[in-house]
Amino acid sequence: MSDSPNDSTASPKPMHFIREMISEDVKAGKNGGKVVTRFPPEPNGYLHIGHAKAICLDFGMAQEFGGICHLRMDDTNPAKESVEYVENIKKDVRWLGWDWGEHFFYSSHYFERMYEVARDLIRKSNAYVCELTQEEWKEYRGAPTRPGKESPYRNRSVEENLDLFARMRAGEFPDGTLCLRAKIDMASPNIHLRDPVLYRIMRERHYLTGDDWCIYPMYDFAHPLEDAFEGITHSLCTLEFEVHRPLYDWVVDHLEGLTTRPRQIEFARLNLTYTVMSKRKLLELVQKKLVNGWDDPRMPTISGLRRRGVPPEAIRAFCEEIGITKYESLTDVALLEYCIRQALNKTAQRRMAVLQPLPVTIENAGDLPTSVEATNNPEDPSAGARQIPFGAKLFIERDDFMEVPPPKYFRLSPGKTVRIRYAGFLTCTGVEKNDDGTVSGITCRWDPAGSADQGQRHHSLGARRLHA
RNA sequence: UGCCCGAUGGUGUAACGGUAGCACAGCAGAUUCUGGAUCUGUUUGUCUAGGUUCAAAUCCUAGUCGGGCAACCA
């Protein structure tokens, strides 16, 4: 991270509930006063503006409280993941201005350790191998309004469970047959506590572990373990995981020898008007070639925004501006655009272009300079200046001339004088027309120092046509 | 129908029992050199009903509305 942690003299940031919770934990000396967060994307797509909110929160909180933030690839489902995604996620996080230092991890690197934790759960009769088919399970699971019933395989002996689990790993059973379940409470009003699946059989080549495994841990089992293994103190995630928290805590509670106690805190994800934010739909746009890849400038991805010319500080400012709450909201894209303009105004070099050219012929061409000096950025003197060509044949925007001007029209019309940027004044002296009566060009007299009529002035010029 | 979460102007948020503030958007002006910029001004709000209190956006109760949860996805 580029800056030292904020102290109390730094610009005060609004006190959202997460900042408050962490602050209290630190004050109370929880986890030795340390703050360790993590950003844990699944490498199954590119990061988008919604992820930026999470990234800025995860890394931002760590920075503010003098802690660290891990970057972790949550790659427990090999069916959808790839190195391409891993590399681009790293690139995007770095581009946004965050630094994970040495703390880059893969969930898949913990597979062996997770397997041992699972065996431990079995030994303590907290997990069992279940042979119910997925169809049968639907029946056993019950419904939100109706309790479930216990699996007939729920009370096998520890030995039998250990043996079956080992054979699952060894590849003795077909995909989707047996699974390992936590033994919790089939009558719980929270469905996630009704003996959730911990491991499933899936023969799928993992982009890192290859064919080493044919069983993979489920998110609800893997995530708390990853957090615990890495010493995460504050595990920030989005609202839809709120009902998973009791299960997260259950897993953490069944771990031994923990020095830090990870805590899951949920916040509302970002929704933007007129913006598709679901990874699934973005993937579809890419696969159906409706866009030119993940970094198409029309995409709301970080890489798309980057290609569009959006500076990272604009995205960070935006994430700071939207705040953190616990209720779903729909943010107006206008706020993003405002943040982008704000950032660009300070850094972007200015150029002029004429979109709908109207030829201008200058009568007193003998006095003309061949070029004029233009400021590169009025808000940043260090950006310097540039010479732009000038001459007797110019173009102005068609909209900037009207033969018969309406009231309060402050641009060019016959007899009026207007300032042209960086290059003196033009007074319209004549109009040239096509056979059909449309204006084909105008003639003007040029004056380097005159004054414009009323407050009027205008506009850009192009001594030659440029094709952008 | 069960459980969990939430509700402040058009939008995003602040106010932590004591004057409802800020930003975006909108509107109206200003501006002889960014007219999609800048500056000034301005409209609009505590979901409802009870209760506690000298005092409620804030605490309590009920209701209403919205979101989430029944993947061997994350």
# chains A, B, ... in the order shown; residues from 1 in each chain; ligands from 1
>>> interface_residues(of="chain A", to="chain B", cutoff="7 Å", atoms="only C-alpha atoms (C1' of nucleotides)", output="short mmCIF file (atom, residue, chain, number, x, y, z; two decimals) with all heavy atoms, in the first residue's frame")
data_model
loop_
_atom_site.label_atom_id
_atom_site.label_comp_id
_atom_site.auth_asym_id
_atom_site.auth_seq_id
_atom_site.Cartn_x
_atom_site.Cartn_y
_atom_site.Cartn_z
N GLU A 42 -13.24 -15.67 -6.98
CA GLU A 42 -13.08 -16.94 -7.66
C GLU A 42 -12.57 -16.59 -9.05
O GLU A 42 -13.15 -15.72 -9.72
CB GLU A 42 -14.41 -17.69 -7.79
CG GLU A 42 -14.21 -19.03 -8.49
CD GLU A 42 -15.51 -19.80 -8.74
OE1 GLU A 42 -16.60 -19.21 -8.65
OE2 GLU A 42 -15.41 -21.01 -9.04
N ALA A 143 -38.18 -28.17 3.68
CA ALA A 143 -38.39 -26.89 3.01
C ALA A 143 -38.27 -25.80 4.06
O ALA A 143 -38.25 -26.09 5.25
CB ALA A 143 -39.77 -26.87 2.35
N PRO A 144 -38.23 -24.55 3.63
CA PRO A 144 -38.12 -23.47 4.61
C PRO A 144 -39.19 -23.54 5.69
O PRO A 144 -38.94 -23.24 6.84
CB PRO A 144 -38.28 -22.22 3.76
CG PRO A 144 -37.75 -22.61 2.43
CD PRO A 144 -38.16 -24.04 2.26
N THR A 145 -40.38 -23.97 5.28
CA THR A 145 -41.49 -23.99 6.24
C THR A 145 -41.64 -25.33 6.94
O THR A 145 -42.52 -25.50 7.77
CB THR A 145 -42.81 -23.70 5.49
OG1 THR A 145 -42.91 -24.60 4.39
CG2 THR A 145 -42.85 -22.27 5.01
N GLY A 176 -20.80 -37.26 -8.10
CA GLY A 176 -22.14 -36.96 -7.62
C GLY A 176 -22.84 -38.06 -6.86
O GLY A 176 -24.03 -37.94 -6.57
N CYS A 179 -21.23 -38.06 -0.80
CA CYS A 179 -20.69 -36.76 -0.41
C CYS A 179 -20.47 -36.75 1.09
O CYS A 179 -21.01 -37.58 1.81
CB CYS A 179 -21.63 -35.63 -0.83
SG CYS A 179 -23.18 -35.61 0.07
N PRO A 189 -34.21 -23.93 11.33
CA PRO A 189 -34.95 -23.02 10.43
C PRO A 189 -34.02 -22.45 9.35
O PRO A 189 -34.49 -21.99 8.32
CB PRO A 189 -35.47 -21.93 11.37
CG PRO A 189 -34.64 -22.03 12.60
CD PRO A 189 -34.19 -23.45 12.71
N ASN A 190 -32.74 -22.48 9.61
CA ASN A 190 -31.76 -22.04 8.61
C ASN A 190 -31.33 -23.26 7.80
O ASN A 190 -30.63 -24.14 8.28
CB ASN A 190 -30.55 -21.40 9.31
CG ASN A 190 -29.54 -20.86 8.31
OD1 ASN A 190 -29.55 -21.23 7.14
ND2 ASN A 190 -28.69 -19.97 8.77
N ILE A 191 -31.76 -23.27 6.54
CA ILE A 191 -31.50 -24.43 5.68
C ILE A 191 -30.01 -24.76 5.56
O ILE A 191 -29.66 -25.92 5.37
CB ILE A 191 -32.08 -24.16 4.28
CG1 ILE A 191 -33.54 -23.76 4.42
CG2 ILE A 191 -31.89 -25.37 3.38
CD1 ILE A 191 -34.53 -24.67 3.83
N VAL A 197 -23.45 -30.05 2.63
CA VAL A 197 -22.38 -30.81 1.98
C VAL A 197 -21.04 -30.11 2.21
O VAL A 197 -20.94 -28.90 2.10
CB VAL A 197 -22.65 -30.93 0.46
CG1 VAL A 197 -21.44 -31.54 -0.25
CG2 VAL A 197 -23.89 -31.75 0.20
N ARG A 200 -17.76 -32.77 -2.35
CA ARG A 200 -18.46 -33.49 -3.40
C ARG A 200 -17.42 -34.16 -4.30
O ARG A 200 -16.27 -33.74 -4.36
CB ARG A 200 -19.36 -32.56 -4.21
CG ARG A 200 -18.69 -31.66 -5.24
CD ARG A 200 -18.08 -30.41 -4.63
NE ARG A 200 -18.11 -29.28 -5.59
CZ ARG A 200 -17.59 -28.09 -5.34
NH1 ARG A 200 -16.95 -27.85 -4.20
NH2 ARG A 200 -17.67 -27.14 -6.22
N TYR A 219 -17.74 -24.25 -0.85
CA TYR A 219 -17.45 -22.90 -0.36
C TYR A 219 -17.65 -22.76 1.15
O TYR A 219 -16.80 -22.23 1.86
CB TYR A 219 -18.34 -21.88 -1.07
CG TYR A 219 -18.31 -20.51 -0.43
CD1 TYR A 219 -17.34 -19.57 -0.77
CD2 TYR A 219 -19.25 -20.16 0.55
CE1 TYR A 219 -17.30 -18.33 -0.15
CE2 TYR A 219 -19.21 -18.93 1.17
CZ TYR A 219 -18.24 -18.02 0.82
OH TYR A 219 -18.20 -16.81 1.45
N GLU A 240 -25.64 -11.56 0.59
CA GLU A 240 -26.27 -12.86 0.37
C GLU A 240 -25.65 -13.97 1.21
O GLU A 240 -26.20 -15.05 1.32
CB GLU A 240 -26.28 -13.23 -1.12
CG GLU A 240 -24.93 -13.46 -1.73
CD GLU A 240 -24.36 -12.21 -2.37
OE1 GLU A 240 -24.66 -11.10 -1.88
OE2 GLU A 240 -23.60 -12.34 -3.36
N VAL A 243 -26.97 -15.47 5.65
CA VAL A 243 -27.53 -16.70 6.19
C VAL A 243 -26.51 -17.82 6.27
O VAL A 243 -26.78 -18.86 6.86
CB VAL A 243 -28.74 -17.20 5.36
CG1 VAL A 243 -29.98 -16.44 5.73
CG2 VAL A 243 -28.46 -17.10 3.88
N ILE A 322 -19.64 6.14 -2.49
CA ILE A 322 -20.90 5.38 -2.38
C ILE A 322 -21.19 4.87 -0.98
O ILE A 322 -22.33 4.56 -0.66
CB ILE A 322 -20.92 4.18 -3.35
CG1 ILE A 322 -19.68 3.32 -3.15
CG2 ILE A 322 -21.01 4.67 -4.78
CD1 ILE A 322 -19.64 2.10 -4.04
N GLY A 323 -20.16 4.79 -0.14
CA GLY A 323 -20.40 4.37 1.23
C GLY A 323 -20.63 2.87 1.37
O GLY A 323 -20.68 2.14 0.38
N LYS A 326 -25.89 -1.79 4.80
CA LYS A 326 -26.39 -3.15 4.90
C LYS A 326 -27.70 -3.30 4.14
O LYS A 326 -28.42 -4.27 4.35
CB LYS A 326 -26.64 -3.47 6.37
CG LYS A 326 -25.83 -4.66 6.87
CD LYS A 326 -25.93 -4.78 8.37
CE LYS A 326 -26.30 -6.17 8.81
NZ LYS A 326 -25.52 -7.26 8.26
N TYR A 327 -28.05 -2.34 3.32
CA TYR A 327 -29.27 -2.49 2.54
C TYR A 327 -28.98 -2.31 1.05
O TYR A 327 -28.13 -1.51 0.66
CB TYR A 327 -30.35 -1.51 3.01
CG TYR A 327 -29.94 -0.08 3.06
CD1 TYR A 327 -30.03 0.74 1.92
CD2 TYR A 327 -29.47 0.48 4.24
CE1 TYR A 327 -29.66 2.06 1.97
CE2 TYR A 327 -29.09 1.80 4.29
CZ TYR A 327 -29.19 2.60 3.16
OH TYR A 327 -28.81 3.91 3.21
N GLU A 328 -29.69 -3.06 0.25
CA GLU A 328 -29.51 -3.01 -1.20
C GLU A 328 -29.83 -1.62 -1.73
O GLU A 328 -30.78 -0.99 -1.31
CB GLU A 328 -30.42 -4.03 -1.88
CG GLU A 328 -29.99 -5.47 -1.75
CD GLU A 328 -28.65 -5.77 -2.42
OE1 GLU A 328 -28.21 -5.00 -3.30
OE2 GLU A 328 -28.05 -6.79 -2.06
N THR A 331 -27.16 2.61 -7.29
CA THR A 331 -26.43 3.87 -7.44
C THR A 331 -26.52 4.37 -8.88
O THR A 331 -26.40 3.60 -9.83
CB THR A 331 -24.95 3.66 -7.06
OG1 THR A 331 -24.90 3.22 -5.70
CG2 THR A 331 -24.17 4.96 -7.19
N ASP A 332 -26.73 5.66 -9.02
CA ASP A 332 -26.82 6.29 -10.33
C ASP A 332 -25.44 6.31 -10.99
O ASP A 332 -24.49 6.80 -10.38
CB ASP A 332 -27.33 7.74 -10.12
CG ASP A 332 -27.82 8.35 -11.42
OD1 ASP A 332 -27.31 7.94 -12.49
OD2 ASP A 332 -28.68 9.23 -11.36
N ALA A 334 -24.38 8.21 -12.94
CA ALA A 334 -23.95 9.61 -13.05
C ALA A 334 -22.88 9.92 -12.00
O ALA A 334 -22.01 10.75 -12.22
CB ALA A 334 -25.14 10.55 -12.89
N LEU A 335 -22.96 9.23 -10.87
CA LEU A 335 -21.96 9.49 -9.82
C LEU A 335 -20.59 8.97 -10.24
O LEU A 335 -19.58 9.61 -10.00
CB LEU A 335 -22.41 8.83 -8.50
CG LEU A 335 -21.51 9.09 -7.30
CD1 LEU A 335 -21.40 10.58 -7.00
CD2 LEU A 335 -22.01 8.35 -6.08
N ARG A 421 -10.78 29.78 -29.82
CA ARG A 421 -9.87 29.42 -28.73
C ARG A 421 -8.41 29.50 -29.13
O ARG A 421 -7.98 28.92 -30.12
CB ARG A 421 -10.20 27.99 -28.28
CG ARG A 421 -9.58 27.63 -26.97
CD ARG A 421 -10.59 27.10 -25.98
NE ARG A 421 -10.15 27.48 -24.66
CZ ARG A 421 -9.46 26.67 -23.85
NH1 ARG A 421 -9.27 25.44 -24.19
NH2 ARG A 421 -9.01 27.11 -22.69
N TYR A 422 -7.62 30.23 -28.35
CA TYR A 422 -6.18 30.39 -28.51
C TYR A 422 -5.78 31.20 -29.75
O TYR A 422 -4.61 31.30 -30.07
CB TYR A 422 -5.45 29.04 -28.60
CG TYR A 422 -5.69 28.16 -27.40
CD1 TYR A 422 -6.29 26.92 -27.53
CD2 TYR A 422 -5.31 28.59 -26.13
CE1 TYR A 422 -6.51 26.11 -26.43
CE2 TYR A 422 -5.52 27.79 -25.02
CZ TYR A 422 -6.13 26.56 -25.17
OH TYR A 422 -6.34 25.77 -24.08
N SER A 451 -12.48 42.26 -29.77
CA SER A 451 -13.32 41.84 -28.66
C SER A 451 -14.59 41.27 -29.25
O SER A 451 -15.03 41.70 -30.31
CB SER A 451 -13.64 43.02 -27.74
OG SER A 451 -14.50 43.90 -28.41
N ALA A 452 -15.14 40.33 -28.55
CA ALA A 452 -16.33 39.68 -29.07
C ALA A 452 -17.57 40.49 -28.73
O ALA A 452 -17.60 41.20 -27.73
CB ALA A 452 -16.44 38.28 -28.47
N GLY A 455 -21.18 38.88 -24.66
CA GLY A 455 -20.28 37.96 -23.96
C GLY A 455 -19.93 36.80 -24.88
O GLY A 455 -19.37 35.83 -24.46
#
>>> select_by_dssp(residues="range 256-430 of chain A", states="strand (DSSP E)", output="ChimeraX atom specification")
/A:263-267,357-362,371-375,385-389,393-397,417-419,425-430
>>> write_last_selection(atoms="N, CA, C and O atoms", output="compact mmCIF listing (two decimals), in the first residue's frame")
# COMPACT_ATOMS: atom_id res chain seq x y z
N ARG A 263 -13.99 -13.36 11.61
CA ARG A 263 -15.37 -12.96 11.81
C ARG A 263 -15.92 -12.47 10.47
O ARG A 263 -15.30 -11.65 9.80
N GLN A 264 -17.05 -13.01 10.08
CA GLN A 264 -17.64 -12.61 8.80
C GLN A 264 -18.58 -11.42 8.98
O GLN A 264 -19.44 -11.43 9.85
N ILE A 265 -18.38 -10.39 8.15
CA ILE A 265 -19.24 -9.21 8.21
C ILE A 265 -19.75 -8.94 6.79
O ILE A 265 -18.98 -8.93 5.84
N GLU A 266 -21.05 -8.73 6.68
CA GLU A 266 -21.64 -8.58 5.34
C GLU A 266 -22.04 -7.13 5.05
O GLU A 266 -22.48 -6.41 5.93
N PHE A 267 -21.88 -6.77 3.78
CA PHE A 267 -22.29 -5.43 3.34
C PHE A 267 -22.99 -5.56 2.00
O PHE A 267 -22.89 -6.59 1.33
N PRO A 357 -17.76 19.47 -39.60
CA PRO A 357 -17.00 20.65 -40.01
C PRO A 357 -17.75 21.59 -40.96
O PRO A 357 -18.50 21.15 -41.83
N LEU A 358 -17.56 22.87 -40.71
CA LEU A 358 -18.05 23.91 -41.61
C LEU A 358 -16.81 24.71 -42.02
O LEU A 358 -16.12 25.25 -41.16
N PRO A 359 -16.51 24.74 -43.33
CA PRO A 359 -15.29 25.44 -43.78
C PRO A 359 -15.38 26.95 -43.54
O PRO A 359 -16.43 27.55 -43.76
N VAL A 360 -14.27 27.50 -43.09
CA VAL A 360 -14.18 28.95 -42.87
C VAL A 360 -13.01 29.46 -43.69
O VAL A 360 -11.91 28.91 -43.61
N THR A 361 -13.25 30.48 -44.50
CA THR A 361 -12.16 31.09 -45.27
C THR A 361 -11.86 32.46 -44.69
O THR A 361 -12.77 33.27 -44.50
N ILE A 362 -10.61 32.68 -44.38
CA ILE A 362 -10.24 33.97 -43.79
C ILE A 362 -9.74 34.91 -44.88
O ILE A 362 -8.85 34.56 -45.66
N SER A 371 0.82 29.09 -36.73
CA SER A 371 0.41 28.21 -35.63
C SER A 371 0.13 29.07 -34.40
O SER A 371 0.57 30.21 -34.33
N VAL A 372 -0.61 28.51 -33.49
CA VAL A 372 -0.89 29.21 -32.24
C VAL A 372 -0.58 28.27 -31.08
O VAL A 372 -0.54 27.05 -31.25
N GLU A 373 -0.36 28.84 -29.90
CA GLU A 373 -0.03 28.03 -28.75
C GLU A 373 -1.29 27.69 -27.96
O GLU A 373 -2.13 28.55 -27.73
N ALA A 374 -1.39 26.43 -27.56
CA ALA A 374 -2.55 26.01 -26.79
C ALA A 374 -2.11 25.35 -25.49
O ALA A 374 -1.14 24.59 -25.46
N THR A 375 -2.81 25.64 -24.43
CA THR A 375 -2.52 25.05 -23.13
C THR A 375 -2.93 23.58 -23.12
O THR A 375 -4.02 23.23 -23.57
N ALA A 385 2.39 23.38 -22.90
CA ALA A 385 1.58 23.86 -24.01
C ALA A 385 2.02 23.19 -25.29
O ALA A 385 3.03 22.50 -25.33
N ARG A 386 1.26 23.38 -26.33
CA ARG A 386 1.61 22.80 -27.62
C ARG A 386 1.28 23.79 -28.71
O ARG A 386 0.47 24.72 -28.51
N GLN A 387 1.91 23.64 -29.85
CA GLN A 387 1.60 24.48 -31.01
C GLN A 387 0.54 23.78 -31.84
O GLN A 387 0.66 22.58 -32.10
N ILE A 388 -0.48 24.51 -32.25
CA ILE A 388 -1.40 23.89 -33.19
C ILE A 388 -1.43 24.72 -34.46
O ILE A 388 -1.36 25.95 -34.41
N PRO A 389 -1.46 24.03 -35.59
CA PRO A 389 -1.39 24.73 -36.88
C PRO A 389 -2.59 25.66 -37.08
O PRO A 389 -3.69 25.39 -36.59
N LYS A 393 -7.54 28.50 -44.07
CA LYS A 393 -8.67 27.58 -44.22
C LYS A 393 -8.90 26.86 -42.89
O LYS A 393 -8.07 26.06 -42.48
N LEU A 394 -9.98 27.17 -42.25
CA LEU A 394 -10.28 26.56 -40.96
C LEU A 394 -11.58 25.78 -41.04
O LEU A 394 -12.32 25.89 -42.03
N PHE A 395 -11.85 25.04 -40.00
CA PHE A 395 -13.17 24.42 -39.86
C PHE A 395 -13.72 24.78 -38.49
O PHE A 395 -12.98 24.79 -37.51
N ILE A 396 -14.98 25.06 -38.45
CA ILE A 396 -15.64 25.17 -37.15
C ILE A 396 -16.81 24.20 -37.14
O ILE A 396 -17.16 23.62 -38.17
N GLU A 397 -17.36 24.04 -36.00
CA GLU A 397 -18.49 23.13 -35.86
C GLU A 397 -19.71 23.76 -36.54
O GLU A 397 -19.98 24.95 -36.38
N THR A 417 -19.02 38.83 -34.13
CA THR A 417 -17.63 38.49 -33.84
C THR A 417 -17.59 37.48 -32.71
O THR A 417 -18.36 37.57 -31.76
N VAL A 418 -16.67 36.57 -32.85
CA VAL A 418 -16.57 35.50 -31.87
C VAL A 418 -15.11 35.20 -31.59
O VAL A 418 -14.25 35.38 -32.45
N ARG A 419 -14.84 34.77 -30.40
CA ARG A 419 -13.45 34.41 -30.09
C ARG A 419 -13.23 32.95 -30.47
O ARG A 419 -14.10 32.12 -30.21
N PHE A 425 -9.85 36.53 -32.88
CA PHE A 425 -11.28 36.71 -33.11
C PHE A 425 -11.64 36.58 -34.58
O PHE A 425 -10.85 36.91 -35.46
N LEU A 426 -12.85 36.10 -34.81
CA LEU A 426 -13.35 36.01 -36.17
C LEU A 426 -14.64 36.81 -36.27
O LEU A 426 -15.50 36.73 -35.38
N THR A 427 -14.74 37.61 -37.36
CA THR A 427 -15.99 38.30 -37.62
C THR A 427 -16.53 37.77 -38.93
O THR A 427 -15.80 37.74 -39.94
N CYS A 428 -17.73 37.31 -38.92
CA CYS A 428 -18.31 36.71 -40.11
C CYS A 428 -18.67 37.79 -41.13
O CYS A 428 -19.42 38.72 -40.83
N THR A 429 -18.13 37.62 -42.33
CA THR A 429 -18.37 38.63 -43.37
C THR A 429 -19.20 38.10 -44.53
O THR A 429 -19.68 38.87 -45.35
N GLY A 430 -19.36 36.81 -44.63
CA GLY A 430 -20.14 36.30 -45.76
C GLY A 430 -20.49 34.83 -45.61
O GLY A 430 -19.91 34.12 -44.80
>>> residues_around(residues="G63 in chain B", least_positions_apart="5", cutoff="12 Å", atoms="only C-alpha atoms (C1' of nucleotides)", output="list in words")
C47, U48, A49 and G50 of chain B
>>> atom_distance(atom1="CA of Trp250 in chain A", atom2="CA of Asp220 in chain A")
10.0 Å
>>> residues_around(residues="A20 in chain B", least_positions_apart="4", cutoff="12 Å", atoms="only C-alpha atoms (C1' of nucleotides)", output="VMD selection string")
chain B and resid 8 to 9 14 to 15 45 to 46 57 to 58
>>> atom_distance(atom1="CA of Tyr199 in chain A", atom2="CA of Asn161 in chain A")
13.0 Å
